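Colleague: My structure file run_32.tsv, TSV, C-alpha atoms, is below:
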```
chain	number	residue	atom	x	y	z
A	149	MET	CA	11.12	-21.65	-18.32
A	150	PRO	CA	7.94	-23.30	-17.03
A	151	TYR	CA	6.54	-26.21	-18.99
A	152	ARG	CA	3.09	-24.66	-19.01
A	153	SER	CA	2.04	-22.16	-21.61
A	154	PRO	CA	2.69	-18.73	-20.03
A	155	GLY	CA	0.45	-16.70	-22.26
A	156	ALA	CA	-3.22	-16.68	-23.12
A	157	PRO	CA	-4.03	-19.45	-25.59
A	158	LYS	CA	-7.13	-19.36	-27.72
A	159	GLY	CA	-9.37	-20.84	-25.03
A	160	ALA	CA	-8.33	-18.18	-22.52
A	161	LYS	CA	-10.10	-15.45	-24.46
A	162	SER	CA	-13.37	-16.43	-22.83
A	163	PHE	CA	-11.89	-15.56	-19.44
A	164	LEU	CA	-10.41	-12.24	-20.56
A	165	LYS	CA	-13.52	-10.51	-21.86
A	166	GLY	CA	-14.16	-8.42	-18.77
A	167	LYS	CA	-13.72	-4.66	-18.70
A	168	PRO	CA	-10.13	-3.44	-18.24
A	169	ILE	CA	-9.32	-2.35	-14.69
A	170	ARG	CA	-8.08	1.23	-14.65
A	171	TYR	CA	-6.62	3.35	-11.87
A	172	TYR	CA	-9.46	5.43	-10.45
A	173	ARG	CA	-8.57	9.04	-9.60
A	174	PRO	CA	-11.13	10.61	-7.21
A	175	LYS	CA	-12.02	14.16	-8.18
A	176	GLY	CA	-13.50	15.41	-4.93
A	177	SER	CA	-16.46	17.74	-4.63
A	178	ALA	CA	-18.60	19.55	-2.10
A	179	ALA	CA	-21.22	16.84	-2.66
A	180	VAL	CA	-18.87	14.23	-1.22
A	181	ARG	CA	-18.41	16.33	1.91
A	182	THR	CA	-22.17	16.76	2.23
A	183	LEU	CA	-22.70	13.01	1.89
A	184	ILE	CA	-20.19	12.30	4.65
A	185	ASP	CA	-21.42	14.98	7.04
A	186	GLU	CA	-25.15	14.54	6.53
A	187	GLY	CA	-25.61	11.06	5.05
A	188	PHE	CA	-23.18	8.99	7.13
A	189	GLN	CA	-24.98	9.41	10.45
A	190	ALA	CA	-24.71	6.10	12.31
A	191	PHE	CA	-23.19	2.60	12.44
A	192	ASN	CA	-20.19	1.94	10.19
A	193	ALA	CA	-21.10	4.91	8.00
A	194	ALA	CA	-20.59	7.21	10.98
A	195	ARG	CA	-17.21	5.60	11.69
A	196	LEU	CA	-16.18	6.29	8.11
A	197	GLY	CA	-17.34	9.88	8.49
A	198	GLU	CA	-15.33	10.19	11.70
A	199	ALA	CA	-12.22	8.89	9.94
A	200	CYS	CA	-12.70	11.32	7.05
A	201	ARG	CA	-13.03	14.28	9.44
A	202	ILE	CA	-9.99	13.28	11.47
A	203	TYR	CA	-8.01	13.03	8.25
A	204	GLY	CA	-9.33	16.11	6.47
A	205	ASP	CA	-9.85	18.47	9.42
A	206	LYS	CA	-7.06	17.44	11.81
A	207	MET	CA	-4.28	15.48	10.13
A	208	LEU	CA	-4.19	17.79	7.12
A	209	ALA	CA	-4.55	21.02	9.13
A	210	LYS	CA	-1.53	23.24	8.47
A	211	GLU	CA	-1.26	24.28	12.10
A	212	HIS	CA	-0.82	20.64	13.17
A	213	ASP	CA	2.05	19.99	10.74
A	214	THR	CA	1.40	16.24	10.82
A	215	THR	CA	3.71	13.80	9.07
A	216	ILE	CA	1.34	11.24	7.54
A	217	ALA	CA	2.19	7.63	6.75
A	218	LEU	CA	0.05	5.41	4.54
A	219	THR	CA	0.42	1.66	5.00
A	220	ILE	CA	-1.04	-0.68	2.40
A	221	ALA	CA	-1.56	-4.39	2.96
A	222	GLY	CA	-2.46	-7.13	0.53
A	223	ALA	CA	-2.61	-6.53	-3.20
A	224	MET	CA	-4.83	-3.51	-3.77
A	225	THR	CA	-3.23	-2.13	-6.92
A	226	PRO	CA	-4.61	-4.96	-9.09
A	227	ALA	CA	-8.07	-3.72	-8.08
A	228	GLY	CA	-7.28	-0.25	-9.44
A	229	LEU	CA	-6.77	1.48	-6.09
A	230	GLY	CA	-3.35	2.78	-7.10
A	231	GLY	CA	-5.08	5.82	-8.57
A	232	CYS	CA	-6.20	6.90	-5.09
A	233	VAL	CA	-2.63	6.60	-3.80
A	234	ILE	CA	-1.31	8.62	-6.74
A	235	GLU	CA	-3.89	11.32	-6.03
A	236	LEU	CA	-2.82	11.50	-2.39
A	237	MET	CA	0.86	11.78	-3.34
A	238	GLU	CA	0.33	14.33	-6.09
A	239	ARG	CA	-1.62	16.62	-3.76
A	240	GLY	CA	0.79	16.25	-0.85
A	241	LEU	CA	-1.78	14.51	1.36
A	242	ILE	CA	0.64	11.77	2.50
A	243	ASP	CA	4.35	11.94	3.27
A	244	PHE	CA	5.57	8.36	2.93
A	245	VAL	CA	4.26	4.88	2.22
A	246	ILE	CA	4.86	1.43	3.65
A	247	SER	CA	3.48	-1.27	1.38
A	248	THR	CA	3.64	-4.94	0.66
A	249	GLY	CA	5.83	-5.78	-2.29
A	250	ALA	CA	2.77	-7.20	-4.06
A	251	ASN	CA	1.19	-3.76	-4.40
A	252	LEU	CA	4.35	-2.35	-5.96
A	253	TYR	CA	4.96	-5.29	-8.26
A	254	HIS	CA	1.43	-5.34	-9.65
A	255	ASP	CA	1.57	-1.55	-9.99
A	256	LEU	CA	4.27	-2.11	-12.60
A	257	HIS	CA	1.73	-3.86	-14.86
A	258	TYR	CA	-0.07	-0.54	-15.28
A	259	ALA	CA	3.17	1.36	-15.85
A	260	LEU	CA	4.12	-1.12	-18.57
A	261	ASN	CA	0.68	-0.81	-20.20
A	262	PHE	CA	-0.45	-4.37	-19.53
A	263	THR	CA	-4.16	-5.01	-19.13
A	264	LEU	CA	-5.78	-6.53	-16.06
A	265	ARG	CA	-9.45	-7.37	-16.44
A	266	ARG	CA	-12.55	-7.74	-14.32
A	267	GLY	CA	-13.55	-11.36	-13.90
A	268	SER	CA	-15.27	-13.83	-11.61
A	269	PRO	CA	-13.95	-15.30	-8.36
A	270	PHE	CA	-15.87	-18.53	-9.09
A	271	VAL	CA	-13.95	-19.82	-12.09
A	272	ASP	CA	-12.11	-23.15	-12.00
A	273	ASP	CA	-8.46	-22.41	-11.21
A	274	ARG	CA	-7.38	-25.70	-12.77
A	275	VAL	CA	-8.80	-24.54	-16.08
A	276	LEU	CA	-7.17	-21.12	-15.67
A	277	TYR	CA	-3.83	-22.82	-15.07
A	278	GLU	CA	-4.09	-24.80	-18.30
A	279	GLU	CA	-5.18	-21.69	-20.19
A	280	GLY	CA	-2.33	-19.55	-18.86
A	281	VAL	CA	-4.53	-17.11	-16.96
A	282	ILE	CA	-3.63	-15.63	-13.56
A	283	ARG	CA	-6.38	-14.86	-11.02
A	284	ILE	CA	-6.24	-12.47	-8.05
A	285	TYR	CA	-9.72	-13.09	-6.64
A	286	ASP	CA	-11.81	-11.57	-9.46
A	287	VAL	CA	-8.93	-9.91	-11.35
A	288	LEU	CA	-7.76	-11.89	-14.39
A	289	PHE	CA	-4.81	-11.43	-16.74
A	290	PRO	CA	-2.46	-13.52	-18.92
A	291	ALA	CA	0.45	-15.22	-17.17
A	292	GLN	CA	2.73	-13.61	-19.74
A	293	VAL	CA	2.18	-10.33	-17.88
A	294	LEU	CA	4.13	-11.75	-14.93
A	295	LEU	CA	6.99	-12.97	-17.11
A	296	ASP	CA	7.28	-9.69	-18.98
A	297	THR	CA	7.15	-7.67	-15.75
A	298	ASP	CA	9.85	-9.87	-14.23
A	299	SER	CA	11.98	-9.37	-17.31
A	300	PHE	CA	11.59	-5.59	-17.00
A	301	ILE	CA	12.68	-5.70	-13.35
A	302	ARG	CA	15.76	-7.77	-14.14
A	303	GLU	CA	16.73	-5.40	-16.97
A	304	PHE	CA	16.35	-2.47	-14.57
A	305	LEU	CA	18.53	-4.13	-11.94
A	306	VAL	CA	21.30	-4.68	-14.46
A	307	SER	CA	21.10	-1.19	-15.99
A	308	SER	CA	20.88	0.55	-12.59
A	309	LYS	CA	24.29	-0.84	-11.57
A	310	MET	CA	23.16	-0.60	-7.95
A	311	GLU	CA	25.42	-2.52	-5.59
A	312	GLY	CA	25.70	-3.11	-1.87
A	313	PRO	CA	23.07	-2.59	0.81
A	314	VAL	CA	20.29	-0.07	0.07
A	315	SER	CA	17.01	0.78	1.73
A	316	SER	CA	13.84	-0.40	0.02
A	317	ALA	CA	12.89	3.27	-0.48
A	318	GLU	CA	16.16	3.87	-2.33
A	319	MET	CA	15.59	0.93	-4.64
A	320	HIS	CA	11.96	1.89	-5.31
A	321	GLU	CA	13.00	5.46	-6.08
A	322	ALA	CA	15.56	4.22	-8.59
A	323	LEU	CA	12.94	1.94	-10.15
A	324	GLY	CA	10.47	4.83	-10.32
A	325	LYS	CA	12.99	7.13	-12.00
A	326	HIS	CA	13.81	4.40	-14.48
A	327	LEU	CA	10.11	4.07	-15.31
A	328	LEU	CA	9.82	7.83	-15.84
A	329	LYS	CA	12.75	7.66	-18.25
A	330	VAL	CA	11.78	4.63	-20.34
A	331	ARG	CA	7.99	5.06	-20.07
A	332	PRO	CA	7.32	8.82	-20.30
A	333	GLY	CA	3.93	9.77	-18.89
A	334	CYS	CA	3.53	6.58	-16.87
A	335	ALA	CA	3.37	8.52	-13.59
A	336	LYS	CA	-0.37	8.91	-14.22
A	337	TYR	CA	-0.73	5.14	-14.08
A	338	SER	CA	1.95	4.04	-11.60
A	339	VAL	CA	2.36	4.47	-7.85
A	340	VAL	CA	6.07	3.66	-8.07
A	341	ALA	CA	6.70	6.21	-10.82
A	342	SER	CA	4.57	8.88	-9.13
A	343	ALA	CA	6.40	8.39	-5.84
A	344	ALA	CA	9.71	9.05	-7.59
A	345	LYS	CA	8.25	12.06	-9.35
A	346	PHE	CA	6.81	13.65	-6.19
A	347	GLY	CA	9.56	12.59	-3.79
A	348	VAL	CA	7.46	10.26	-1.64
A	349	PRO	CA	9.51	7.42	-0.10
A	350	ILE	CA	8.02	3.93	-0.42
A	351	TYR	CA	9.20	1.24	1.97
A	352	THR	CA	8.29	-2.41	1.94
A	353	SER	CA	8.16	-4.24	5.25
A	354	SER	CA	9.16	-7.62	3.79
A	355	PRO	CA	11.40	-7.12	0.74
A	356	GLY	CA	11.75	-10.80	-0.10
A	357	ASP	CA	8.02	-11.45	-0.03
A	358	SER	CA	7.22	-10.29	-3.54
A	359	SER	CA	8.23	-10.79	-7.15
A	360	ILE	CA	10.46	-7.71	-6.94
A	361	GLY	CA	12.42	-9.37	-4.13
A	362	MET	CA	12.48	-12.64	-6.04
A	363	ASN	CA	14.15	-10.89	-8.97
A	364	VAL	CA	16.66	-9.19	-6.66
A	365	ALA	CA	17.58	-12.66	-5.39
A	366	TYR	CA	17.98	-13.86	-8.98
A	367	HIS	CA	20.19	-10.83	-9.71
A	368	GLU	CA	22.50	-11.75	-6.83
A	369	LEU	CA	22.76	-15.45	-7.69
A	370	ILE	CA	22.97	-15.31	-11.48
A	371	ASN	CA	24.64	-11.94	-12.05
A	372	LYS	CA	26.83	-12.07	-8.93
A	373	SER	CA	25.47	-8.73	-7.78
A	374	THR	CA	26.06	-7.47	-4.25
A	375	LEU	CA	22.78	-5.51	-4.22
A	376	GLN	CA	20.75	-6.19	-1.09
A	377	VAL	CA	17.69	-4.52	0.40
A	378	ASP	CA	18.82	-3.79	3.95
A	379	PRO	CA	15.95	-3.89	6.48
A	380	ASN	CA	18.17	-2.13	9.04
A	381	LYS	CA	18.26	0.94	6.82
A	382	ASP	CA	14.47	0.84	6.52
A	383	VAL	CA	13.97	0.61	10.28
A	384	ASN	CA	16.33	3.51	11.00
A	385	GLU	CA	15.00	5.72	8.20
A	386	VAL	CA	11.37	5.28	9.30
A	387	CYS	CA	12.37	5.99	12.90
A	388	ALA	CA	14.18	9.14	11.76
A	389	ILE	CA	11.06	10.34	9.92
A	390	ILE	CA	8.90	9.72	12.99
A	391	ARG	CA	11.36	11.42	15.33
A	392	ALA	CA	11.71	14.52	13.14
A	393	ALA	CA	7.95	15.02	12.85
A	394	GLU	CA	6.09	17.67	14.83
A	395	LYS	CA	3.12	15.31	14.97
A	396	ASN	CA	2.65	11.81	13.55
A	397	GLY	CA	-0.41	10.25	12.00
A	398	CYS	CA	-1.07	7.11	10.02
A	399	ILE	CA	-3.71	5.70	7.72
A	400	ILE	CA	-3.63	1.91	7.74
A	401	LEU	CA	-5.30	0.05	4.89
A	402	GLY	CA	-5.89	-3.51	5.97
A	403	GLY	CA	-3.19	-4.39	8.48
A	404	GLY	CA	-0.55	-7.07	8.30
A	405	SER	CA	3.18	-6.49	8.05
A	406	PRO	CA	3.06	-2.86	6.78
A	407	LYS	CA	0.93	-1.87	9.80
A	408	ASN	CA	3.31	-3.40	12.30
A	409	PHE	CA	6.40	-2.11	10.53
A	410	TYR	CA	5.17	1.45	10.86
A	411	LEU	CA	3.83	1.13	14.41
A	412	GLN	CA	7.09	-0.36	15.66
A	413	GLY	CA	8.80	2.97	14.99
A	414	GLN	CA	7.85	4.60	18.29
A	415	PRO	CA	8.74	1.50	20.39
A	416	THR	CA	12.09	1.34	18.58
A	417	LEU	CA	12.80	4.95	19.57
A	418	TRP	CA	12.04	4.62	23.28
A	419	GLU	CA	12.70	0.91	23.87
A	420	VAL	CA	15.91	0.55	21.87
A	421	TYR	CA	17.31	4.07	21.40
A	422	GLY	CA	16.02	5.56	24.65
A	423	ILE	CA	14.30	8.45	22.86
A	424	LEU	CA	10.93	9.35	24.38
A	425	LYS	CA	9.08	10.52	21.28
A	426	GLY	CA	5.60	9.33	22.28
A	427	GLY	CA	2.97	7.64	20.14
A	428	ASN	CA	1.00	8.64	17.08
A	429	ASP	CA	-1.24	11.66	17.48
A	430	TYR	CA	-3.69	10.34	14.87
A	431	PHE	CA	-4.51	6.77	13.90
A	432	ILE	CA	-6.98	5.55	11.30
A	433	GLN	CA	-7.33	1.89	10.35
A	434	ILE	CA	-9.62	0.70	7.58
A	435	THR	CA	-10.25	-3.02	7.64
A	436	THR	CA	-12.95	-5.64	7.32
A	437	ASP	CA	-11.67	-7.43	10.41
A	438	SER	CA	-12.99	-7.03	13.93
A	439	VAL	CA	-10.97	-4.64	16.08
A	440	VAL	CA	-11.37	-4.94	19.85
A	441	TRP	CA	-11.68	-1.65	21.75
A	442	ALA	CA	-12.16	-2.83	25.34
A	443	GLY	CA	-9.34	-2.86	27.89
A	444	CYS	CA	-6.54	-5.37	27.52
A	445	PRO	CA	-6.13	-8.24	27.88
A	446	VAL	CA	-9.14	-9.59	26.01
A	447	PRO	CA	-10.50	-12.72	27.75
A	448	ARG	CA	-11.79	-14.37	24.59
A	449	ARG	CA	-10.29	-12.75	21.54
A	450	PRO	CA	-12.14	-13.67	18.33
A	451	LYS	CA	-10.20	-15.34	15.57
A	452	ARG	CA	-9.06	-12.81	12.96
A	453	SER	CA	-6.99	-12.68	9.85
A	454	ALA	CA	-3.93	-10.48	9.31
A	455	GLY	CA	-6.19	-7.54	8.44
A	456	ALA	CA	-6.33	-6.48	12.07
A	457	ARG	CA	-3.17	-8.39	13.02
A	458	SER	CA	-5.24	-9.76	15.96
A	459	THR	CA	-3.95	-6.86	18.04
A	460	PRO	CA	-6.61	-4.97	20.02
A	461	ALA	CA	-6.44	-1.29	19.23
A	462	CYS	CA	-5.85	-0.35	22.87
A	463	CYS	CA	-2.71	-2.49	23.21
A	464	PRO	CA	-0.40	-0.15	21.24
A	465	ILE	CA	-0.89	2.64	23.82
A	466	PRO	CA	1.48	1.17	26.45
A	467	TRP	CA	3.97	0.49	23.67
A	468	SER	CA	3.91	4.19	22.69
A	469	ARG	CA	2.60	3.27	19.27
A	470	ILE	CA	-0.44	5.52	19.59
A	471	ALA	CA	-0.98	8.44	21.92
A	472	ILE	CA	-4.75	8.76	21.78
A	473	ARG	CA	-7.81	6.61	21.10
A	474	PRO	CA	-7.78	6.20	17.33
A	475	SER	CA	-10.57	6.56	14.85
A	476	ARG	CA	-11.77	3.13	13.80
A	477	SER	CA	-13.34	1.97	10.60
A	478	ARG	CA	-14.65	-1.49	9.78
A	479	CYS	CA	-15.20	-1.98	6.08
A	480	SER	CA	-13.31	-3.11	3.05
A	481	ALA	CA	-10.30	-0.90	2.37
A	482	SER	CA	-10.92	-1.34	-1.35
A	483	MET	CA	-14.28	0.42	-0.92
A	484	ARG	CA	-13.37	3.07	1.60
A	485	LEU	CA	-10.07	4.32	0.21
A	486	ALA	CA	-11.79	5.97	-2.75
A	487	THR	CA	-14.36	7.61	-0.46
A	488	ARG	CA	-11.75	8.90	1.95
A	489	THR	CA	-9.51	10.18	-0.86
A	490	ALA	CA	-12.43	12.00	-2.46
A	491	ALA	CA	-13.33	13.48	0.93
A	492	ALA	CA	-9.76	14.69	1.45
A	493	ARG	CA	-9.77	16.30	-1.99
A	494	ALA	CA	-13.13	17.91	-1.26
A	495	SER	CA	-11.78	19.40	1.96
A	496	ARG	CA	-8.99	21.02	-0.06
A	497	CYS	CA	-11.14	22.24	-2.97
```
When written as structure tokens, how does the structure in this file appear?

Modeller:
Amino acid sequence: MPYRSPGAPKGAKSFLKGKPIRYYRPKGSAAVRTLIDEGFQAFNAARLGEACRIYGDKMLAKEHDTTIALTIAGAMTPAGLGGCVIELMERGLIDFVISTGANLYHDLHYALNFTLRRGSPFVDDRVLYEEGVIRIYDVLFPAQVLLDTDSFIREFLVSSKMEGPVSSAEMHEALGKHLLKVRPGCAKYSVVASAAKFGVPIYTSSPGDSSIGMNVAYHELINKSTLQVDPNKDVNEVCAIIRAAEKNGCIILGGGSPKNFYLQGQPTLWEVYGILKGGNDYFIQITTDSVVWAGCPVPRRPKRSAGARSTPACCPIPWSRIAIRPSRSRCSASMRLATRTAAARASRC
């Protein structure tokens, strides 16, 4: 056990006075559609409106029969955005998810009824460390939340008796079903549990890069388990989903590893398996980072973070990752996901 105090000592209370962060579930209304069609007329607002229309009018059109992937970078569930994902799954507006492990791990806090609170990004992290408080930008919670969540994962791994190589979707489904069993009603507050309930596969592009993966490693070393998350199974399963689809479309929140893991599906089919499936029919990326739209190569590419993966949007076309010029959107995914989800609901009201 760590030498530091894992919980929230008396002094930490001053940092944990913010409002609890809850999963927001967009309701959708005709007013949202009116705002998008008539209020978002130019600049980035117009790009958001374009993305909403491509999603609501084209990707969700029954006659197009589009298989829709949602990729989620970073750690958005601590900010309460898991409610939007749950809404999309419950209403059948997405077919499968590729996420960082961080989103899924922190989603478990909500399923286990732990409280994350609104805070400030300008607090002294050295003081937070001594007080046993964890910070994710402006989200604050006791360090004990991590230890208790880890303990729950390890108990699940033992009770599941899973052994051998499995896909990340298979492990997440088992975890979700376990949550539904031991925490009845938690599907309203958990992406992992809701995915198991509604049959939506969740893959993670880097299984070891999260606390869930860390606990799987512990399970192997300490409990002598043979359980392993097999990335080969993930690659082949995602390729099978893409190949079987009539049309493919994706909504990319942020960028990073989940974005690339999904977009490598089409190149894997034609480059490795020799199957000429073609690229995505629809492509929406929501990010704060600059995305270059001119022809490739770019003479002086601006420095970017992983949000756009520093890949110009035109480059995936020769790779068969996308088939058409995608809809682009430059704004924070944490702001736009709720708007786009509400717009999708409004289009189905």

Colleague: For Lys381 (chain A), find every residue with an atom within 9 Å (counting all atoms listed in the file), except residues of its own chain fewer than 6 positions away, and show them as a PDB file with C-alpha atoms, keeping the file's coordinate frame.

Modeller:
```
ATOM      1  CA  PRO A 313      23.070  -2.590   0.810  1.00  0.00           C
ATOM      2  CA  VAL A 314      20.290  -0.070   0.070  1.00  0.00           C
ATOM      3  CA  SER A 315      17.010   0.780   1.730  1.00  0.00           C
ATOM      4  CA  SER A 316      13.840  -0.400   0.020  1.00  0.00           C
TER       5      SER A 316
END
```

Colleague: Identify, on the basis of all atoms listed in the file, every residue whose closest approach to region 296-307 of chain A does not exceed 12 Å; exclude the query and any residue fewer than 4 positions from it along the same chain; express the result as a ChimeraX atom specification.

Modeller: /A:154-155,252-262,290-292,311,319-320,322-327,329-331,358-368,370-376

Colleague: Have a look at CA of Asn384 (chain A) and CA of Ile234 (chain A) and let me know their distance in Å, one decimal.

Modeller: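 Going from CA of Asn384 (chain A) over to CA of Ile234 (chain A) covers 25.5 Å.
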
Colleague: Point out the residue among A:Phe188, A:Phe244, A:Phe163, A:Phe431 with the least atom-to-atom distance to Cys398 (chain A), counting only C-alpha atoms.

Modeller: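 The shortest atom-to-atom distance to Cys398 (chain A) comes from A:Phe431.
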
Colleague: Enter the distance from CA of Leu417 (chain A) to CA of Cys387 (chain A), in Å, rounded to one decimal.

Modeller: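 We find that CA of Leu417 (chain A) and CA of Cys387 (chain A) lie 6.8 Å from each other.
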
Colleague: When distances are computed from only C-alpha atoms, which of A:Leu164, A:Ser342, A:Leu411, A:Tyr351 shows the smallest separation from Gly240 (chain A)?

Modeller: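 Comparing A:Leu164, A:Ser342, A:Leu411, A:Tyr351 against Gly240 (chain A), the winner is A:Ser342.
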
Colleague: Could you check the closest approach to Gln414 (chain A) for each of A:Leu229, A:Ala392, A:Ile242, A:Ala179 and tell me which residue wins, using only C-alpha atoms?

Modeller: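 Comparing A:Leu229, A:Ala392, A:Ile242, A:Ala179 against Gln414 (chain A), the winner is A:Ala392.
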
Colleague: Between CA of Leu288 (chain A) and CA of Ser338 (chain A), what is the distance, to one decimal in Å?

Modeller: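 Result for CA of Leu288 (chain A) versus CA of Ser338 (chain A): 18.9 Å, one decimal.
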
Colleague: Have a look at A:Glu279, A:Asp286, A:Asp243, A:Asp273 and name the one nearest to Leu208 (chain A); count only C-alpha atoms.

Modeller: A:Asp243

Colleague: Taking 2 positions as the minimum chain separation for residues in the same chain, which residues sit within 12 Å of Trp418 (chain A) when counting all atoms listed in the file? Answer as a list of chain:residue names.

Modeller: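 Once the adjacent positions are removed, what remains is A:Cys387, A:Ile390, A:Arg391, A:Gln412, A:Gly413, A:Gln414, A:Pro415, A:Thr416, A:Val420, A:Tyr421, A:Gly422, A:Ile423, A:Leu424, A:Lys425, A:Gly426, A:Gly427, A:Pro466, A:Trp467, A:Ser468, A:Arg469.
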